[in-house]
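Here's the structure, in structure tokens; my notes come after.
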Amino acid sequence: MNPTAPRRTPPPTDPILEQLRACAVVPVIVIDDVRHAEPLAEALIAGGLSCAEITLRTDAGLPALRAVARHGGLLAGAGTVLSPDQVEPCLEAGAGFIVSPGYDPDIVESARRSGTTVLPGTSTASEVLRARREGLSAVKFFPAEQVGGLATLTAIAAAIPDVAFMPTGGVDEDNAPAYLASPHVLAVGGGWIAPRALIADAAWDEIRARATRAAALVGLTAGLSR
């Protein structure tokens, strides 16, 4: 299966979804020291990636999001958003999109009221239908591998073909190409490019190499159209 072949994801409905579709691989970042944010951004950019999801799983999450957004060169999203009152601080920090691990209608409403792209977590057809009813054209599929992986995603998408998916959770360098080859996948998210331990060790060369390999999966470094 050729991961660089043109993909047939449903047309994005806003510029942020278009950027995510173009990037296709979204590093999911857990950062413990805000001082690592800018060199991390530089490593990802040098490797050919243009977006990242900065999670709020640590106290450094929000300041790191602000630093990455201020650095420029990456579309920075806020991940692990667990309550609607986190949305506005993320937007003030420069988040270009909001990602939550599950479907919380209040988070969706808060993000949409602010005019911000939101990708709520879904793992069932019922949740995807709810997102569709709310007017969303793309959702996070989480935890992807743990709920059946590409086979489950494909089964849901067969019944609900006008919603695109960003699978996250167990996605790695080995299985990302299969996900990216799916016509239902907007982008994949994963922690394999910049794991927490490598960031803590300031292993920027290794992260840059992983980013380069991730970009190559979708033809970004070769300038291939998808």
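Residues in the structure tokens are numbered from 1 in each chain, the chains being A, B, ... in the order shown, and ligands are numbered from 1 in the order shown.
Summary of the local environment: counting only C-alpha atoms, residues at most 9 Å from A:Ala67, other than itself and those fewer than 5 positions away along its chain, are A:Val34, A:Arg35, A:Ala37, A:Glu38, A:Leu62, A:Gly72, A:Ala93, A:Gly94.
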Take the residues from that selection and write them out as a PDB file, in the first residue's frame, keeping N, CA and C atoms.
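Writing done, so here's part-v2.pdb:
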```
ATOM      1  N   VAL A  34       9.404  24.129  30.133  1.00  0.00           N
ATOM      2  CA  VAL A  34       9.081  25.078  29.067  1.00  0.00           C
ATOM      3  C   VAL A  34      10.317  25.501  28.290  1.00  0.00           C
ATOM      4  N   ARG A  35      11.505  25.387  28.904  1.00  0.00           N
ATOM      5  CA  ARG A  35      12.733  25.761  28.200  1.00  0.00           C
ATOM      6  C   ARG A  35      13.001  24.852  27.001  1.00  0.00           C
ATOM      7  N   ALA A  37      10.676  23.963  24.864  1.00  0.00           N
ATOM      8  CA  ALA A  37       9.649  24.170  23.845  1.00  0.00           C
ATOM      9  C   ALA A  37      10.220  24.687  22.530  1.00  0.00           C
ATOM     10  N   GLU A  38      11.040  25.718  22.583  1.00  0.00           N
ATOM     11  CA  GLU A  38      11.549  26.303  21.345  1.00  0.00           C
ATOM     12  C   GLU A  38      12.518  25.381  20.612  1.00  0.00           C
ATOM     13  N   LEU A  62       0.739  24.572  29.167  1.00  0.00           N
ATOM     14  CA  LEU A  62       0.234  25.843  28.647  1.00  0.00           C
ATOM     15  C   LEU A  62       1.370  26.813  28.318  1.00  0.00           C
ATOM     16  N   GLY A  72       6.693  30.339  16.129  1.00  0.00           N
ATOM     17  CA  GLY A  72       6.287  30.358  14.722  1.00  0.00           C
ATOM     18  C   GLY A  72       6.817  29.148  13.970  1.00  0.00           C
ATOM     19  N   ALA A  93      -3.059  31.576  24.540  1.00  0.00           N
ATOM     20  CA  ALA A  93      -1.664  31.135  24.413  1.00  0.00           C
ATOM     21  C   ALA A  93      -1.260  30.928  22.962  1.00  0.00           C
ATOM     22  N   GLY A  94      -2.230  30.988  22.048  1.00  0.00           N
ATOM     23  CA  GLY A  94      -1.897  30.876  20.628  1.00  0.00           C
ATOM     24  C   GLY A  94      -2.312  29.577  19.969  1.00  0.00           C
TER      25      GLY A  94
END
```
Using only C-alpha atoms, find each residue of stretch 31-104 of chain A with at least one atom at most 7 Å away from an atom of stretch 197-215 of chain A; report its shortest atom-to-atom pair and that distance in Å (one decimal), sort the rows by chain and rising residue number, and return the result as a tab-separated table.
```
residue	atom	partner	partner_atom	distance
A:Ile31	CA	A:Ile199	CA	7.0
A:His36	CA	A:Ile199	CA	7.0
A:Leu40	CA	A:Trp204	CA	6.7
A:Ala43	CA	A:Arg208	CA	4.7
A:Leu44	CA	A:Ala211	CA	5.7
A:Ala46	CA	A:Arg208	CA	6.4
A:Gly47	CA	A:Thr212	CA	4.1
A:Gly48	CA	A:Ala215	CA	5.7
A:Leu49	CA	A:Ala215	CA	6.0
```
Skipping near chain neighbours, those fewer than 5 positions away, what residues fall within 10 Å of A:Arg130 using only C-alpha atoms, listed as a list in words?
Tyr103, Pro105, Thr122, Ala125, Gly135 and Leu136 of chain A
Just write the chosen residues, N, CA and C atoms, as a short mmCIF file (atom, residue, chain, number, x, y, z; two decimals), in the first residue's frame.
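Written out: part.cif:
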```cif
data_model
loop_
_atom_site.label_atom_id
_atom_site.label_comp_id
_atom_site.auth_asym_id
_atom_site.auth_seq_id
_atom_site.Cartn_x
_atom_site.Cartn_y
_atom_site.Cartn_z
N TYR A 103 -15.65 13.06 23.98
CA TYR A 103 -16.65 14.00 23.46
C TYR A 103 -17.35 14.69 24.62
N PRO A 105 -19.65 17.92 25.10
CA PRO A 105 -20.35 18.94 24.32
C PRO A 105 -20.04 20.36 24.76
N THR A 122 -13.46 10.58 19.85
CA THR A 122 -14.56 9.64 19.62
C THR A 122 -13.99 8.24 19.47
N ALA A 125 -19.55 4.82 16.94
CA ALA A 125 -20.39 5.44 15.92
C ALA A 125 -21.33 6.46 16.53
N GLY A 135 -22.32 19.54 13.56
CA GLY A 135 -21.74 20.25 12.42
C GLY A 135 -20.26 20.06 12.23
N LEU A 136 -19.65 19.12 12.97
CA LEU A 136 -18.22 18.87 12.83
C LEU A 136 -17.96 17.94 11.64
#
```
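Residue nearest A:Ala157 within the list A:Glu109, A:Asp172, A:Leu180, A:Leu129: A:Leu129 [criterion: smallest interatomic distance, only C-alpha atoms].
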If you run DSSP over the backbone, which residues in stretch 39-188 of chain A end up alpha helix (DSSP H)? Put them as a PyMOL selection string.
chain A and resi 39-46+61-71+87-92+105-113+125-133+149-159+176-180
Could you please take those selected residues and save C-alpha atoms as a PDB file, in the first residue's frame?
```
ATOM      1  CA  PRO A  39      14.357  23.834  20.548  1.00  0.00           C
ATOM      2  CA  LEU A  40      11.698  21.145  20.184  1.00  0.00           C
ATOM      3  CA  ALA A  41       9.813  23.307  17.697  1.00  0.00           C
ATOM      4  CA  GLU A  42      13.037  23.893  15.777  1.00  0.00           C
ATOM      5  CA  ALA A  43      13.744  20.148  15.622  1.00  0.00           C
ATOM      6  CA  LEU A  44      10.263  19.352  14.315  1.00  0.00           C
ATOM      7  CA  ILE A  45      10.437  22.105  11.705  1.00  0.00           C
ATOM      8  CA  ALA A  46      13.921  21.027  10.624  1.00  0.00           C
ATOM      9  CA  GLY A  61       1.851  22.431  28.971  1.00  0.00           C
ATOM     10  CA  LEU A  62       0.234  25.843  28.647  1.00  0.00           C
ATOM     11  CA  PRO A  63       3.490  27.857  28.819  1.00  0.00           C
ATOM     12  CA  ALA A  64       5.023  25.435  26.297  1.00  0.00           C
ATOM     13  CA  LEU A  65       2.062  25.945  23.979  1.00  0.00           C
ATOM     14  CA  ARG A  66       2.581  29.695  24.248  1.00  0.00           C
ATOM     15  CA  ALA A  67       6.297  29.356  23.505  1.00  0.00           C
ATOM     16  CA  VAL A  68       5.754  27.116  20.474  1.00  0.00           C
ATOM     17  CA  ALA A  69       3.044  29.378  19.089  1.00  0.00           C
ATOM     18  CA  ARG A  70       5.229  32.448  19.617  1.00  0.00           C
ATOM     19  CA  HIS A  71       8.206  30.732  17.971  1.00  0.00           C
ATOM     20  CA  VAL A  87     -10.367  26.585  25.993  1.00  0.00           C
ATOM     21  CA  GLU A  88      -9.960  30.344  26.356  1.00  0.00           C
ATOM     22  CA  PRO A  89      -6.519  30.177  28.057  1.00  0.00           C
ATOM     23  CA  CYS A  90      -5.350  27.884  25.248  1.00  0.00           C
ATOM     24  CA  LEU A  91      -6.556  30.336  22.624  1.00  0.00           C
ATOM     25  CA  GLU A  92      -4.876  33.197  24.448  1.00  0.00           C
ATOM     26  CA  PRO A 105     -20.355  18.938  24.317  1.00  0.00           C
ATOM     27  CA  ASP A 106     -19.400  21.892  26.513  1.00  0.00           C
ATOM     28  CA  ILE A 107     -15.819  21.843  25.221  1.00  0.00           C
ATOM     29  CA  VAL A 108     -17.119  21.620  21.654  1.00  0.00           C
ATOM     30  CA  GLU A 109     -19.500  24.524  22.240  1.00  0.00           C
ATOM     31  CA  SER A 110     -16.844  26.663  23.938  1.00  0.00           C
ATOM     32  CA  ALA A 111     -14.396  26.138  21.093  1.00  0.00           C
ATOM     33  CA  ARG A 112     -16.967  26.731  18.379  1.00  0.00           C
ATOM     34  CA  ARG A 113     -18.282  29.851  20.125  1.00  0.00           C
ATOM     35  CA  ALA A 125     -20.389   5.437  15.922  1.00  0.00           C
ATOM     36  CA  SER A 126     -22.728   7.154  18.400  1.00  0.00           C
ATOM     37  CA  GLU A 127     -20.074   9.720  19.297  1.00  0.00           C
ATOM     38  CA  VAL A 128     -19.229  10.322  15.646  1.00  0.00           C
ATOM     39  CA  LEU A 129     -22.922  10.821  14.867  1.00  0.00           C
ATOM     40  CA  ARG A 130     -23.190  13.337  17.681  1.00  0.00           C
ATOM     41  CA  ALA A 131     -20.191  15.240  16.321  1.00  0.00           C
ATOM     42  CA  ARG A 132     -21.750  15.195  12.861  1.00  0.00           C
ATOM     43  CA  ARG A 133     -25.032  16.500  14.258  1.00  0.00           C
ATOM     44  CA  GLY A 149      -7.491   0.294  15.065  1.00  0.00           C
ATOM     45  CA  LEU A 150      -7.982   0.874  11.382  1.00  0.00           C
ATOM     46  CA  ALA A 151     -10.567  -1.909  11.072  1.00  0.00           C
ATOM     47  CA  THR A 152     -12.888  -0.205  13.564  1.00  0.00           C
ATOM     48  CA  LEU A 153     -12.297   3.220  12.046  1.00  0.00           C
ATOM     49  CA  THR A 154     -13.089   1.870   8.575  1.00  0.00           C
ATOM     50  CA  ALA A 155     -16.291   0.210   9.761  1.00  0.00           C
ATOM     51  CA  ILE A 156     -17.535   3.423  11.383  1.00  0.00           C
ATOM     52  CA  ALA A 157     -16.519   5.514   8.378  1.00  0.00           C
ATOM     53  CA  ALA A 158     -18.345   3.190   6.002  1.00  0.00           C
ATOM     54  CA  ALA A 159     -21.582   4.145   7.740  1.00  0.00           C
ATOM     55  CA  ALA A 176       0.957   5.175  10.505  1.00  0.00           C
ATOM     56  CA  PRO A 177       1.318   4.462   6.744  1.00  0.00           C
ATOM     57  CA  ALA A 178      -1.747   2.194   6.757  1.00  0.00           C
ATOM     58  CA  TYR A 179      -3.801   4.828   8.545  1.00  0.00           C
ATOM     59  CA  LEU A 180      -2.589   7.553   6.190  1.00  0.00           C
TER      60      LEU A 180
END
```
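We find atom CA of A:Ser182 and atom CA of A:Gly148 to be spaced 14.9 Å apart.
Comparing A:Gly73, A:Pro195, A:Pro120, A:Pro27 by their smallest distance to A:Pro101, the closest is A:Pro120 (using only C-alpha atoms).
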Would you kindly return, as a list of chain:residue names, each protein, DNA or RNA residue with an atom no farther than 9 Å from any atom of stretch 20-25 of chain A, considering only C-alpha atoms and excluding same-chain residues fewer than 4 positions away?
A:Thr9, A:Pro12, A:Pro15, A:Ile16, A:Leu49, A:Ser50, A:Cys51, A:Ala52, A:Leu75, A:Met166, A:Ala176, A:Leu180, A:Val185, A:Leu186, A:Ala187, A:Val188, A:Gly189, A:Gly190, A:Ala214, A:Ala215, A:Leu217, A:Val218, A:Leu220, A:Ser225, A:Arg226
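Here atom CA of A:Asp32 and atom CA of A:Leu74 stand 19.3 Å from one another.
Once A:Thr117 and its same-chain neighbours fewer than 2 positions away are set aside, Asp14, Ile16, Leu17, Gly96, Phe97, Ile98, Ala111, Arg112, Gly115 and Leu119 of chain A remain within 8 Å of it when counting only C-alpha atoms.
Compared by their closest atoms to A:Ile54, and using only C-alpha atoms, the residues A:Leu82, A:Val147, A:Ala95, A:Ala181 rank with A:Ala95 nearest.
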What gap, in Å, lies between atom CA of A:Pro143 and atom CA of A:Val26?
15.1 Å
Backbone-only DSSP, strand (DSSP E or B) members of stretch 152-188 of chain A, as a VMD selection string
chain A and resid 164 to 168 185 188
Out of A:Ala164, A:Thr124, A:Val118, A:Gly191, which residue has the shortest atom-to-atom distance to A:Thr55 when counting only C-alpha atoms?
A:Gly191
